[in-house]
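Data block below; observations after.
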Amino acid sequence: MKANAQTVRVRFAPSPTGHLHIGGLRSALFNWLFARHHGGTYLLRVEDTDLVRSTKEFLASQLASMAWAGIQSDEPIVYQMSREVEHRAAALGLMRIGKAYPCFCSPRDADEVVSSLEAGFGQKYDRTCRDKTYTEEDLKKPHCVRFRLPDNLPHVSFHDIIRGDITTRGEYFDDFVIIRRDGSPIYNFCVVIDDIFMRITHIIRGEDHIPNTPKQVLLYDALGVTPPKFAHLPLILGKDGSKLSKRDAAVSVEEYRAQGFMPEALINYLVRLGWAHGDQEIFTVPELVEFFSLDDVGKKGSIFDAKKLEWLNGIYLRQSSSEQVLQAIAAMNQSLADELVAVWGNEKLLALIKLYKERAVTLVEVAHQILGLAKAPSSLDVALIAKWRNERTASLVGAFSAKLNEEENLSHEHLLQVANSVCDVQGEKLVHLAQSLRLALTGTIQSPGVFDLLGILGKKESGERLNRLLGLL
Ligand code: GLU
């Protein structure tokens with residue numbers, strides 16, 4: 001699909017009524033990538049008109065999630081609520097040209113026929129006020145404003161870049177409310193007025209908005225404005241094929257951040273949900289920008305696979321430098337990062353991250369394992385030792401500990417040599433000594449290379465941990 005580089009303007013329009021959903025982040029990403037690919041502009045509009053459900057806390061959380069993911073608006077954020085005056089003025093404009101009218105039906109009647117969106121298709125307003133004349137004075141009485149549906153409307157059609165032509169029969173529509181009796185504009189109306197104001201060229205959003213689109217198209221026509229192009233993204237599904245819910249997996253971006261996923265990995269994973277570029281699984285952001293096209297977005301919903309996301313996160317961890325991983329830990333939890341630096345000092349911490357990131361899945365694991373290493377194992381598992389120990393273990397560990405005590409060179413290579421020579425003398429395999437050392441240093445039989453850990457822990461601390469094991473052998 002060709003889009004004019006100069007004119008592409010897209011927006012992500014979340015409502016701050018909860019934390020940012022991963023489906024929302026995916027919509028934001030597709031908009032952002034589309035804008036970047038075409039050299040266009042990506043905008044954020046906060047749809048904060050639901051005064052009951054929108055909160056400052058959710059707004060702050062959503063903005064923080066977007067900042068964490070690196071998806072930020074190219075222009076100042078538009079807050080929908082601050083544009084109510086414009087929304088009302090636009091409704092008045094439609095009234096003046098006869099495309100909307102005040103409806104004075106009693107609230108009870110009006111409640112019954114609010115709009116087909118709220119009442120469901122089939123319940124239509126009976127048009128009592130449609131052809132009544134009204135004066136300026138009448139407008140002081142309580143009323144809502146209704147859209148005047150064009151006469152003889154066989155159908156409303158729009159083209160969707162992903163799904164093709166979508167046509168809805170005219171009989172499904174009524175003279176729907178655009179401004180409620182309390183003066184607040186309805187969603188479908190604000191969206192159109194704001195998208196026109198923001199000069200949006202392409203609307204890329206979840207397919208749950210398909211039913212709203214025909215009404216928006218009707219409003220564009222009434223306003224004499226060509227509608228933007230539409231692309232409705234398939235849903236993200238849970239294992240059973242229904243819309244992803246909390247039962248399937250964490251659904252907020254915030255939870256993934258807190259669980260220790262790297263933003264790059266989450267982005268890579270989410271973009272691949274619904275979009276493909278051959279068989280490629282791992283993409284840098286510049287690659288995504290280069291390759292992204294709505295032509296490659298499928299119609300079918302994609303099943304969320306937490307295991308695959310973990311796999312990707314592991315790959316991103318291994319690809320990142322220790323400095324980048326430390327930064328990512330800080331972006332996840334600044335006080336955890338501060339604690340790590342305070343406990344280990346920068347140099348040792350970076351050396352440890354280099355070791356631990358090779359085998360971890362999340363940043364939380366990396367951070368907690370490294371913090372855990374700072375303390376000598378609180379207890380050594382006697383059963384584990386019994387499984388491992390043989391008649392040479394004590395003398396082997398003792399001999400190595402004595403040599404370590406005399407060493408000045410604590411490099412991996414040198415300590416490995418020392419261990420090999422101790423094993424040669426005692427006729428034991430290196431793996432036996434290494435596993436014993438691992439148990440002494442970490443209390444576990446799985447850890448990064450022990451000859452690296454010895455050097456980082458230092459002679460004194462390592463010696464003390466080895467002595468504790470010796471005491472139990
Ligand atoms: N505020 C709407 C939502 O959060 C999105 C509106 C739109 O993209 O047109 O679902």
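In the structure tokens, each chain is lettered A, B, ... as it comes, each chain's residues begin at 1, and ligands are numbered from 1 in order of appearance.
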Query raised in the report: Using only C-alpha atoms and all ligand atoms, which protein or nucleic acid residues are at most 6 Å from ligand 1, as a ChimeraX atom specification?
Result: /A:13-15,47,191,205
Query raised in the report: What's the 12 Å shell around Glu339 (chain A), counting only C-alpha atoms, without same-chain residues fewer than 6 positions away, as JSON, numbers by chain?
Result: {"A": [326, 329, 330, 333, 345, 346, 349, 367, 368, 370, 371, 372, 374]}
Those residues with all heavy atoms, as a PDB file, in the first residue's frame please?
ATOM      1  N   LEU A 326      21.739  -3.726  32.698  1.00  0.00           N
ATOM      2  CA  LEU A 326      21.615  -2.956  33.948  1.00  0.00           C
ATOM      3  C   LEU A 326      20.638  -1.787  33.751  1.00  0.00           C
ATOM      4  O   LEU A 326      19.795  -1.518  34.617  1.00  0.00           O
ATOM      5  CB  LEU A 326      22.996  -2.457  34.402  1.00  0.00           C
ATOM      6  CG  LEU A 326      23.007  -1.646  35.697  1.00  0.00           C
ATOM      7  CD1 LEU A 326      22.360  -2.414  36.857  1.00  0.00           C
ATOM      8  CD2 LEU A 326      24.437  -1.232  36.079  1.00  0.00           C
ATOM      9  N   ILE A 329      17.218  -3.169  33.865  1.00  0.00           N
ATOM     10  CA  ILE A 329      16.802  -3.473  35.249  1.00  0.00           C
ATOM     11  C   ILE A 329      16.370  -2.175  35.927  1.00  0.00           C
ATOM     12  O   ILE A 329      15.350  -2.130  36.614  1.00  0.00           O
ATOM     13  CB  ILE A 329      17.941  -4.165  36.043  1.00  0.00           C
ATOM     14  CG1 ILE A 329      18.218  -5.561  35.455  1.00  0.00           C
ATOM     15  CG2 ILE A 329      17.581  -4.276  37.532  1.00  0.00           C
ATOM     16  CD1 ILE A 329      19.415  -6.281  36.049  1.00  0.00           C
ATOM     17  N   ALA A 330      17.122  -1.100  35.687  1.00  0.00           N
ATOM     18  CA  ALA A 330      16.770   0.190  36.295  1.00  0.00           C
ATOM     19  C   ALA A 330      15.421   0.687  35.768  1.00  0.00           C
ATOM     20  O   ALA A 330      14.604   1.216  36.527  1.00  0.00           O
ATOM     21  CB  ALA A 330      17.867   1.217  36.021  1.00  0.00           C
ATOM     22  N   ASN A 333      12.930  -1.409  37.636  1.00  0.00           N
ATOM     23  CA  ASN A 333      12.824  -1.169  39.073  1.00  0.00           C
ATOM     24  C   ASN A 333      14.108  -0.465  39.534  1.00  0.00           C
ATOM     25  O   ASN A 333      15.132  -1.108  39.774  1.00  0.00           O
ATOM     26  CB  ASN A 333      12.649  -2.527  39.783  1.00  0.00           C
ATOM     27  CG  ASN A 333      12.457  -2.370  41.277  1.00  0.00           C
ATOM     28  OD1 ASN A 333      12.858  -1.380  41.872  1.00  0.00           O
ATOM     29  ND2 ASN A 333      11.858  -3.377  41.886  1.00  0.00           N
ATOM     30  N   GLY A 345      29.021  -3.030  43.679  1.00  0.00           N
ATOM     31  CA  GLY A 345      29.888  -2.057  42.999  1.00  0.00           C
ATOM     32  C   GLY A 345      29.726  -2.285  41.505  1.00  0.00           C
ATOM     33  O   GLY A 345      29.398  -3.403  41.071  1.00  0.00           O
ATOM     34  N   ASN A 346      29.966  -1.239  40.718  1.00  0.00           N
ATOM     35  CA  ASN A 346      29.640  -1.296  39.299  1.00  0.00           C
ATOM     36  C   ASN A 346      30.386  -2.377  38.517  1.00  0.00           C
ATOM     37  O   ASN A 346      29.792  -3.123  37.756  1.00  0.00           O
ATOM     38  CB  ASN A 346      29.941   0.076  38.691  1.00  0.00           C
ATOM     39  CG  ASN A 346      28.804   0.512  37.817  1.00  0.00           C
ATOM     40  OD1 ASN A 346      27.641   0.299  38.179  1.00  0.00           O
ATOM     41  ND2 ASN A 346      29.138   1.055  36.662  1.00  0.00           N
ATOM     42  N   LEU A 349      29.390  -5.922  39.385  1.00  0.00           N
ATOM     43  CA  LEU A 349      27.999  -6.127  38.971  1.00  0.00           C
ATOM     44  C   LEU A 349      27.925  -6.393  37.468  1.00  0.00           C
ATOM     45  O   LEU A 349      27.260  -7.331  37.026  1.00  0.00           O
ATOM     46  CB  LEU A 349      27.152  -4.895  39.341  1.00  0.00           C
ATOM     47  CG  LEU A 349      25.699  -4.954  38.897  1.00  0.00           C
ATOM     48  CD1 LEU A 349      24.980  -6.163  39.484  1.00  0.00           C
ATOM     49  CD2 LEU A 349      24.954  -3.685  39.289  1.00  0.00           C
ATOM     50  N   ALA A 367      18.507 -10.223  38.226  1.00  0.00           N
ATOM     51  CA  ALA A 367      18.739  -9.355  39.389  1.00  0.00           C
ATOM     52  C   ALA A 367      18.692 -10.161  40.685  1.00  0.00           C
ATOM     53  O   ALA A 367      19.574 -10.014  41.552  1.00  0.00           O
ATOM     54  CB  ALA A 367      17.691  -8.248  39.417  1.00  0.00           C
ATOM     55  N   HIS A 368      17.716 -11.025  40.819  1.00  0.00           N
ATOM     56  CA  HIS A 368      17.588 -11.745  42.082  1.00  0.00           C
ATOM     57  C   HIS A 368      18.678 -12.786  42.267  1.00  0.00           C
ATOM     58  O   HIS A 368      19.181 -12.984  43.369  1.00  0.00           O
ATOM     59  CB  HIS A 368      16.193 -12.345  42.211  1.00  0.00           C
ATOM     60  CG  HIS A 368      15.185 -11.274  42.534  1.00  0.00           C
ATOM     61  ND1 HIS A 368      13.848 -11.411  42.306  1.00  0.00           N
ATOM     62  CD2 HIS A 368      15.338 -10.027  43.043  1.00  0.00           C
ATOM     63  CE1 HIS A 368      13.216 -10.303  42.670  1.00  0.00           C
ATOM     64  NE2 HIS A 368      14.119  -9.436  43.110  1.00  0.00           N
ATOM     65  N   ILE A 370      21.705 -12.499  41.158  1.00  0.00           N
ATOM     66  CA  ILE A 370      22.944 -11.778  41.496  1.00  0.00           C
ATOM     67  C   ILE A 370      22.884 -11.251  42.930  1.00  0.00           C
ATOM     68  O   ILE A 370      23.880 -11.291  43.657  1.00  0.00           O
ATOM     69  CB  ILE A 370      23.201 -10.646  40.469  1.00  0.00           C
ATOM     70  CG1 ILE A 370      23.492 -11.276  39.110  1.00  0.00           C
ATOM     71  CG2 ILE A 370      24.340  -9.748  40.920  1.00  0.00           C
ATOM     72  CD1 ILE A 370      23.663 -10.291  37.977  1.00  0.00           C
ATOM     73  N   LEU A 371      21.706 -10.781  43.321  1.00  0.00           N
ATOM     74  CA  LEU A 371      21.575 -10.343  44.732  1.00  0.00           C
ATOM     75  C   LEU A 371      21.760 -11.531  45.664  1.00  0.00           C
ATOM     76  O   LEU A 371      22.416 -11.428  46.701  1.00  0.00           O
ATOM     77  CB  LEU A 371      20.180  -9.755  44.979  1.00  0.00           C
ATOM     78  CG  LEU A 371      19.987  -8.273  44.788  1.00  0.00           C
ATOM     79  CD1 LEU A 371      18.592  -7.873  45.248  1.00  0.00           C
ATOM     80  CD2 LEU A 371      21.047  -7.457  45.563  1.00  0.00           C
ATOM     81  N   GLY A 372      21.197 -12.669  45.269  1.00  0.00           N
ATOM     82  CA  GLY A 372      21.296 -13.888  46.090  1.00  0.00           C
ATOM     83  C   GLY A 372      22.738 -14.301  46.279  1.00  0.00           C
ATOM     84  O   GLY A 372      23.139 -14.738  47.373  1.00  0.00           O
ATOM     85  N   ALA A 374      25.252 -12.533  46.608  1.00  0.00           N
ATOM     86  CA  ALA A 374      25.993 -11.662  47.533  1.00  0.00           C
ATOM     87  C   ALA A 374      26.025 -12.239  48.946  1.00  0.00           C
ATOM     88  O   ALA A 374      26.946 -11.983  49.710  1.00  0.00           O
ATOM     89  CB  ALA A 374      25.362 -10.271  47.546  1.00  0.00           C
TER      90      ALA A 374
END
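Counting from CA of Pro263 (chain A), the distance to CA of Ala249 (chain A) is 17.2 Å.
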Requested in this report: Enumerate as an NGL selection string all residues of region 18-195 of chain A assigned to strand (DSSP E or B) by DSSP on the backbone, naming them with the chain letters and numbers the document uses.
Outcome: :A and (21 or 41-46 or 78-79 or 100-103 or 144-147 or 155-160 or 164-169 or 177-179 or 185)
Query raised in the report: In region 242-307 of chain A, what's alpha helix (DSSP H) per DSSP? Answer as a PyMOL selection string?
Result: chain A and resi 253-258+263-272+285-291+306-307
Query raised in the report: So which residues touch Asp452 (chain A) within 10 Å, counting only C-alpha atoms, skipping near sequence neighbours fewer than 2 positions away, as a count of residues only?
Result: 16
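In terms of minimum interatomic distance to Phe34 (chain A), A:Val8 ranks closest within A:Val8, A:Leu336, A:Ile445, A:Cys144, counting only C-alpha atoms.
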Report as a Markdown table: every residue of region 254-322 of chain A with an atom at most 9 Å from region 224-241 of chain A, its closest pair of atoms, and their distance in Å to one decimal, counting only C-alpha atoms, with rows sorted by chain and ascending residue number.
| residue | atom | partner | partner_atom | distance |
| --- | --- | --- | --- | --- |
| A:Leu273 | CA | A:Ile236 | CA | 7.3 |
| A:Gly274 | CA | A:Pro234 | CA | 6.8 |
| A:Leu294 | CA | A:Ala231 | CA | 7.8 |
| A:Val297 | CA | A:Leu233 | CA | 7.6 |
| A:Gly298 | CA | A:Pro234 | CA | 7.3 |
| A:Lys299 | CA | A:Pro234 | CA | 5.7 |
| A:Lys300 | CA | A:Pro234 | CA | 5.9 |
| A:Gly301 | CA | A:Pro234 | CA | 4.8 |
| A:Ser302 | CA | A:Ile236 | CA | 5.2 |
| A:Ile303 | CA | A:Leu237 | CA | 4.5 |
| A:Phe304 | CA | A:Gly238 | CA | 5.8 |
| A:Asp305 | CA | A:Lys239 | CA | 8.0 |
For the residues in that selection, give me all heavy atoms as an mmCIF file, in the first residue's frame.
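Saved file selection-v6.cif follows:
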data_model
loop_
_atom_site.group_PDB
_atom_site.id
_atom_site.type_symbol
_atom_site.label_atom_id
_atom_site.label_comp_id
_atom_site.auth_asym_id
_atom_site.auth_seq_id
_atom_site.Cartn_x
_atom_site.Cartn_y
_atom_site.Cartn_z
ATOM 1 N N LEU A 273 2.637 -10.615 16.345
ATOM 2 C CA LEU A 273 1.258 -11.105 16.538
ATOM 3 C C LEU A 273 0.374 -10.420 15.512
ATOM 4 O O LEU A 273 -0.130 -9.329 15.732
ATOM 5 C CB LEU A 273 0.743 -10.745 17.935
ATOM 6 C CG LEU A 273 1.150 -11.626 19.097
ATOM 7 C CD1 LEU A 273 0.459 -11.157 20.370
ATOM 8 C CD2 LEU A 273 0.824 -13.081 18.841
ATOM 9 N N GLY A 274 0.220 -11.039 14.375
ATOM 10 C CA GLY A 274 -0.662 -10.445 13.359
ATOM 11 C C GLY A 274 0.107 -9.922 12.157
ATOM 12 O O GLY A 274 -0.485 -9.667 11.121
ATOM 13 N N LEU A 294 1.151 -2.623 6.260
ATOM 14 C CA LEU A 294 -0.182 -3.132 6.622
ATOM 15 C C LEU A 294 -0.603 -4.252 5.680
ATOM 16 O O LEU A 294 -1.456 -5.065 6.019
ATOM 17 C CB LEU A 294 -1.205 -1.993 6.594
ATOM 18 C CG LEU A 294 -1.089 -0.971 7.727
ATOM 19 C CD1 LEU A 294 -2.021 0.204 7.487
ATOM 20 C CD2 LEU A 294 -1.389 -1.603 9.094
ATOM 21 N N VAL A 297 -0.359 -7.582 7.324
ATOM 22 C CA VAL A 297 -1.128 -7.868 8.543
ATOM 23 C C VAL A 297 -2.285 -8.783 8.147
ATOM 24 O O VAL A 297 -3.011 -8.492 7.202
ATOM 25 C CB VAL A 297 -1.669 -6.570 9.178
ATOM 26 C CG1 VAL A 297 -2.535 -6.898 10.397
ATOM 27 C CG2 VAL A 297 -0.511 -5.653 9.582
ATOM 28 N N GLY A 298 -2.392 -9.899 8.854
ATOM 29 C CA GLY A 298 -3.441 -10.874 8.511
ATOM 30 C C GLY A 298 -4.774 -10.521 9.143
ATOM 31 O O GLY A 298 -4.856 -9.660 10.012
ATOM 32 N N LYS A 299 -5.821 -11.228 8.688
ATOM 33 C CA LYS A 299 -7.158 -10.991 9.229
ATOM 34 C C LYS A 299 -7.397 -11.815 10.476
ATOM 35 O O LYS A 299 -8.244 -11.487 11.290
ATOM 36 C CB LYS A 299 -8.208 -11.461 8.207
ATOM 37 C CG LYS A 299 -8.377 -10.576 7.026
ATOM 38 C CD LYS A 299 -9.630 -11.046 6.275
ATOM 39 C CE LYS A 299 -9.571 -10.581 4.874
ATOM 40 N NZ LYS A 299 -9.559 -11.331 3.779
ATOM 41 N N LYS A 300 -6.671 -12.935 10.562
ATOM 42 C CA LYS A 300 -6.959 -13.887 11.639
ATOM 43 C C LYS A 300 -6.338 -13.437 12.948
ATOM 44 O O LYS A 300 -5.226 -12.928 12.976
ATOM 45 C CB LYS A 300 -6.358 -15.251 11.271
ATOM 46 C CG LYS A 300 -7.423 -16.243 10.807
ATOM 47 C CD LYS A 300 -6.832 -17.594 10.467
ATOM 48 C CE LYS A 300 -6.051 -18.208 11.617
ATOM 49 N NZ LYS A 300 -5.176 -19.291 11.187
ATOM 50 N N GLY A 301 -7.061 -13.660 14.049
ATOM 51 C CA GLY A 301 -6.513 -13.357 15.360
ATOM 52 C C GLY A 301 -5.309 -14.247 15.642
ATOM 53 O O GLY A 301 -5.198 -15.337 15.096
ATOM 54 N N SER A 302 -4.391 -13.782 16.466
ATOM 55 C CA SER A 302 -3.205 -14.590 16.785
ATOM 56 C C SER A 302 -3.249 -15.005 18.251
ATOM 57 O O SER A 302 -3.611 -14.196 19.113
ATOM 58 C CB SER A 302 -1.927 -13.792 16.579
ATOM 59 O OG SER A 302 -2.072 -12.924 15.520
ATOM 60 N N ILE A 303 -2.841 -16.218 18.482
ATOM 61 C CA ILE A 303 -2.873 -16.742 19.862
ATOM 62 C C ILE A 303 -1.626 -16.295 20.620
ATOM 63 O O ILE A 303 -0.500 -16.403 20.122
ATOM 64 C CB ILE A 303 -3.004 -18.273 19.841
ATOM 65 C CG1 ILE A 303 -4.366 -18.614 19.237
ATOM 66 C CG2 ILE A 303 -2.849 -18.873 21.247
ATOM 67 C CD1 ILE A 303 -4.720 -20.063 19.184
ATOM 68 N N PHE A 304 -1.868 -15.761 21.785
ATOM 69 C CA PHE A 304 -0.765 -15.275 22.615
ATOM 70 C C PHE A 304 -0.023 -16.472 23.207
ATOM 71 O O PHE A 304 -0.629 -17.349 23.806
ATOM 72 C CB PHE A 304 -1.331 -14.397 23.736
ATOM 73 C CG PHE A 304 -0.266 -13.735 24.542
ATOM 74 C CD1 PHE A 304 0.340 -12.580 24.089
ATOM 75 C CD2 PHE A 304 0.147 -14.277 25.761
ATOM 76 C CE1 PHE A 304 1.335 -11.957 24.821
ATOM 77 C CE2 PHE A 304 1.145 -13.657 26.495
ATOM 78 C CZ PHE A 304 1.730 -12.502 26.026
ATOM 79 N N ASP A 305 1.301 -16.473 23.043
ATOM 80 C CA ASP A 305 2.101 -17.615 23.491
ATOM 81 C C ASP A 305 3.179 -17.106 24.454
ATOM 82 O O ASP A 305 4.220 -16.599 24.047
ATOM 83 C CB ASP A 305 2.724 -18.261 22.228
ATOM 84 C CG ASP A 305 3.573 -19.463 22.557
ATOM 85 O OD1 ASP A 305 3.836 -19.707 23.756
ATOM 86 O OD2 ASP A 305 3.990 -20.155 21.611
#
Report task. Show which residues sit within 9 Å of Glu358 (chain A), as a list in words. Count only C-alpha atoms, and ignore same-chain residues fewer than 6 positions away. Result -> Gly314, Ile315, Leu317, Arg318 and Pro448 of chain A
Residues at most 12 Å from Gly170 (chain A), counting only C-alpha atoms, excluding those fewer than 2 positions away in the same chain, as a compact mmCIF listing (two decimals) with all heavy atoms, in the first residue's frame?
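Full text of selection_37.txt as output:
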# COMPACT_ATOMS: atom_id res chain seq x y z
N PHE A 121 -28.34 -3.00 18.07
CA PHE A 121 -29.05 -2.82 16.81
C PHE A 121 -30.51 -3.22 16.97
O PHE A 121 -30.84 -4.13 17.71
CB PHE A 121 -28.42 -3.69 15.72
CG PHE A 121 -27.13 -3.13 15.21
CD1 PHE A 121 -26.07 -3.97 14.94
CD2 PHE A 121 -26.97 -1.77 15.02
CE1 PHE A 121 -24.87 -3.46 14.48
CE2 PHE A 121 -25.77 -1.26 14.55
CZ PHE A 121 -24.72 -2.11 14.28
N GLY A 122 -31.37 -2.54 16.29
CA GLY A 122 -32.76 -2.99 16.32
C GLY A 122 -33.64 -2.03 17.07
O GLY A 122 -34.78 -1.79 16.69
N LEU A 149 -29.96 10.95 10.07
CA LEU A 149 -29.54 9.91 9.13
C LEU A 149 -30.02 10.30 7.73
O LEU A 149 -31.16 10.73 7.58
CB LEU A 149 -30.21 8.60 9.55
CG LEU A 149 -29.54 7.30 9.15
CD1 LEU A 149 -28.19 7.16 9.81
CD2 LEU A 149 -30.44 6.13 9.54
N PRO A 150 -29.18 10.18 6.71
CA PRO A 150 -29.65 10.54 5.36
C PRO A 150 -30.88 9.71 5.00
O PRO A 150 -31.00 8.56 5.41
CB PRO A 150 -28.47 10.17 4.46
CG PRO A 150 -27.30 10.04 5.37
CD PRO A 150 -27.81 9.70 6.72
N ASP A 151 -31.79 10.32 4.23
CA ASP A 151 -32.96 9.58 3.75
C ASP A 151 -32.48 8.51 2.77
O ASP A 151 -31.45 8.68 2.13
CB ASP A 151 -33.92 10.53 3.01
CG ASP A 151 -34.52 11.53 3.99
OD1 ASP A 151 -34.87 11.12 5.12
OD2 ASP A 151 -34.61 12.73 3.63
N ASN A 152 -33.25 7.48 2.65
CA ASN A 152 -32.93 6.41 1.69
C ASN A 152 -31.46 6.00 1.78
O ASN A 152 -30.67 6.30 0.89
CB ASN A 152 -33.22 6.84 0.25
CG ASN A 152 -34.63 7.37 0.13
OD1 ASN A 152 -35.54 6.80 0.75
ND2 ASN A 152 -34.82 8.46 -0.60
N LEU A 153 -31.13 5.36 2.84
CA LEU A 153 -29.73 4.94 3.02
C LEU A 153 -29.68 3.41 2.85
O LEU A 153 -29.96 2.68 3.79
CB LEU A 153 -29.29 5.35 4.43
CG LEU A 153 -27.86 5.05 4.84
CD1 LEU A 153 -26.88 5.98 4.12
CD2 LEU A 153 -27.69 5.20 6.35
N PRO A 154 -29.37 2.95 1.64
CA PRO A 154 -29.39 1.49 1.47
C PRO A 154 -28.31 0.80 2.30
O PRO A 154 -28.53 -0.24 2.88
CB PRO A 154 -29.17 1.28 -0.03
CG PRO A 154 -28.66 2.58 -0.55
CD PRO A 154 -29.00 3.67 0.43
N HIS A 155 -27.14 1.39 2.32
CA HIS A 155 -26.05 0.79 3.10
C HIS A 155 -24.96 1.81 3.36
O HIS A 155 -24.94 2.88 2.73
CB HIS A 155 -25.47 -0.44 2.39
CG HIS A 155 -24.98 -0.11 1.02
ND1 HIS A 155 -25.65 -0.51 -0.11
CD2 HIS A 155 -23.92 0.61 0.58
CE1 HIS A 155 -25.00 -0.06 -1.17
NE2 HIS A 155 -23.96 0.63 -0.77
N VAL A 156 -24.10 1.48 4.31
CA VAL A 156 -22.91 2.31 4.56
C VAL A 156 -21.71 1.39 4.33
O VAL A 156 -21.67 0.29 4.87
CB VAL A 156 -22.88 2.84 6.01
CG1 VAL A 156 -21.66 3.72 6.22
CG2 VAL A 156 -24.16 3.60 6.33
N SER A 157 -20.79 1.83 3.50
CA SER A 157 -19.62 0.99 3.19
C SER A 157 -18.34 1.74 3.47
O SER A 157 -18.28 2.96 3.37
CB SER A 157 -19.60 0.66 1.70
OG SER A 157 -20.63 -0.22 1.40
N THR A 167 -19.54 -3.61 4.45
CA THR A 167 -20.81 -2.94 4.16
C THR A 167 -21.84 -3.29 5.24
O THR A 167 -21.95 -4.45 5.62
CB THR A 167 -21.33 -3.40 2.78
OG1 THR A 167 -20.35 -3.00 1.81
CG2 THR A 167 -22.66 -2.75 2.42
N THR A 168 -22.53 -2.26 5.71
CA THR A 168 -23.59 -2.49 6.70
C THR A 168 -24.88 -1.96 6.12
O THR A 168 -24.90 -0.86 5.54
CB THR A 168 -23.27 -1.72 8.01
OG1 THR A 168 -21.90 -1.96 8.35
CG2 THR A 168 -24.15 -2.17 9.17
N TYR A 172 -29.86 -0.74 9.78
CA TYR A 172 -29.30 -0.92 11.11
C TYR A 172 -29.09 0.40 11.86
O TYR A 172 -28.75 0.40 13.03
CB TYR A 172 -27.96 -1.67 11.04
CG TYR A 172 -28.13 -3.13 10.73
CD1 TYR A 172 -27.45 -3.72 9.68
CD2 TYR A 172 -28.97 -3.92 11.51
CE1 TYR A 172 -27.61 -5.06 9.38
CE2 TYR A 172 -29.14 -5.27 11.22
CZ TYR A 172 -28.46 -5.83 10.16
OH TYR A 172 -28.61 -7.15 9.89
N PHE A 173 -29.21 1.51 11.16
CA PHE A 173 -28.89 2.79 11.80
C PHE A 173 -30.14 3.56 12.17
O PHE A 173 -31.20 3.38 11.57
CB PHE A 173 -28.02 3.64 10.87
CG PHE A 173 -26.76 2.93 10.48
CD1 PHE A 173 -26.68 2.22 9.30
CD2 PHE A 173 -25.65 2.94 11.33
CE1 PHE A 173 -25.53 1.52 8.96
CE2 PHE A 173 -24.50 2.26 10.99
CZ PHE A 173 -24.43 1.55 9.80
N ASP A 174 -30.00 4.43 13.16
CA ASP A 174 -31.08 5.35 13.47
C ASP A 174 -30.49 6.75 13.63
O ASP A 174 -29.28 6.94 13.41
CB ASP A 174 -31.86 4.90 14.73
CG ASP A 174 -31.08 5.07 16.00
OD1 ASP A 174 -29.85 5.37 15.93
OD2 ASP A 174 -31.66 4.92 17.09
N ASP A 175 -31.32 7.70 14.00
CA ASP A 175 -30.81 9.05 14.23
C ASP A 175 -30.11 9.04 15.59
O ASP A 175 -30.66 9.41 16.62
CB ASP A 175 -31.97 10.06 14.24
CG ASP A 175 -32.50 10.32 12.84
OD1 ASP A 175 -31.98 9.71 11.87
OD2 ASP A 175 -33.46 11.11 12.71
N PRO A 214 -18.93 2.49 10.58
CA PRO A 214 -19.95 3.05 9.67
C PRO A 214 -20.55 4.36 10.18
O PRO A 214 -20.77 5.29 9.40
CB PRO A 214 -21.03 1.96 9.62
CG PRO A 214 -20.35 0.70 10.06
CD PRO A 214 -19.24 1.11 10.98
N LYS A 215 -20.78 4.45 11.48
CA LYS A 215 -21.33 5.70 12.04
C LYS A 215 -20.33 6.84 11.84
O LYS A 215 -20.71 7.97 11.54
CB LYS A 215 -21.58 5.54 13.53
CG LYS A 215 -22.82 4.78 13.82
CD LYS A 215 -23.12 4.84 15.28
CE LYS A 215 -24.39 4.08 15.57
NZ LYS A 215 -24.68 3.99 16.97
N LEU A 218 -20.52 7.95 8.32
CA LEU A 218 -21.71 8.80 8.11
C LEU A 218 -21.42 10.23 8.58
O LEU A 218 -21.81 11.21 7.94
CB LEU A 218 -22.90 8.24 8.88
CG LEU A 218 -23.59 7.00 8.28
CD1 LEU A 218 -24.55 6.39 9.28
CD2 LEU A 218 -24.32 7.39 6.99
Report task. Compile the contact shell of region 25-27 of chain A as a ChimeraX atom specification: residues with an atom at most 9 Å away, counting only C-alpha atoms, same-chain residues fewer than 5 positions apart removed. Result -> /A:12,20,32,65-66,69,71,204-206,233,253,267,270-271,273
What does the file look like for those residues with C-alpha atoms, as a PDB file, in the first residue's frame?
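Generated output (result.pdb):
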ATOM      1  CA  PHE A  12      -3.154   5.899  19.065  1.00  0.00           C
ATOM      2  CA  LEU A  20      -2.162  -0.134  29.073  1.00  0.00           C
ATOM      3  CA  TRP A  32       4.164   4.099  15.151  1.00  0.00           C
ATOM      4  CA  SER A  65       4.281   2.048  29.787  1.00  0.00           C
ATOM      5  CA  MET A  66       4.519   3.859  26.453  1.00  0.00           C
ATOM      6  CA  ALA A  69       8.367   0.867  25.255  1.00  0.00           C
ATOM      7  CA  ILE A  71       6.644   4.798  21.699  1.00  0.00           C
ATOM      8  CA  ILE A 204      -5.202   1.798  12.656  1.00  0.00           C
ATOM      9  CA  ARG A 205      -6.990   0.250  15.630  1.00  0.00           C
ATOM     10  CA  GLY A 206      -8.433  -2.956  17.023  1.00  0.00           C
ATOM     11  CA  LEU A 233      -6.225  -5.141  13.495  1.00  0.00           C
ATOM     12  CA  VAL A 253       2.215  -3.869  29.700  1.00  0.00           C
ATOM     13  CA  ILE A 267       7.811  -5.113  21.036  1.00  0.00           C
ATOM     14  CA  LEU A 270       3.777  -8.076  19.818  1.00  0.00           C
ATOM     15  CA  VAL A 271       4.587  -6.916  16.304  1.00  0.00           C
ATOM     16  CA  LEU A 273       1.258 -11.105  16.538  1.00  0.00           C
TER      17      LEU A 273
END
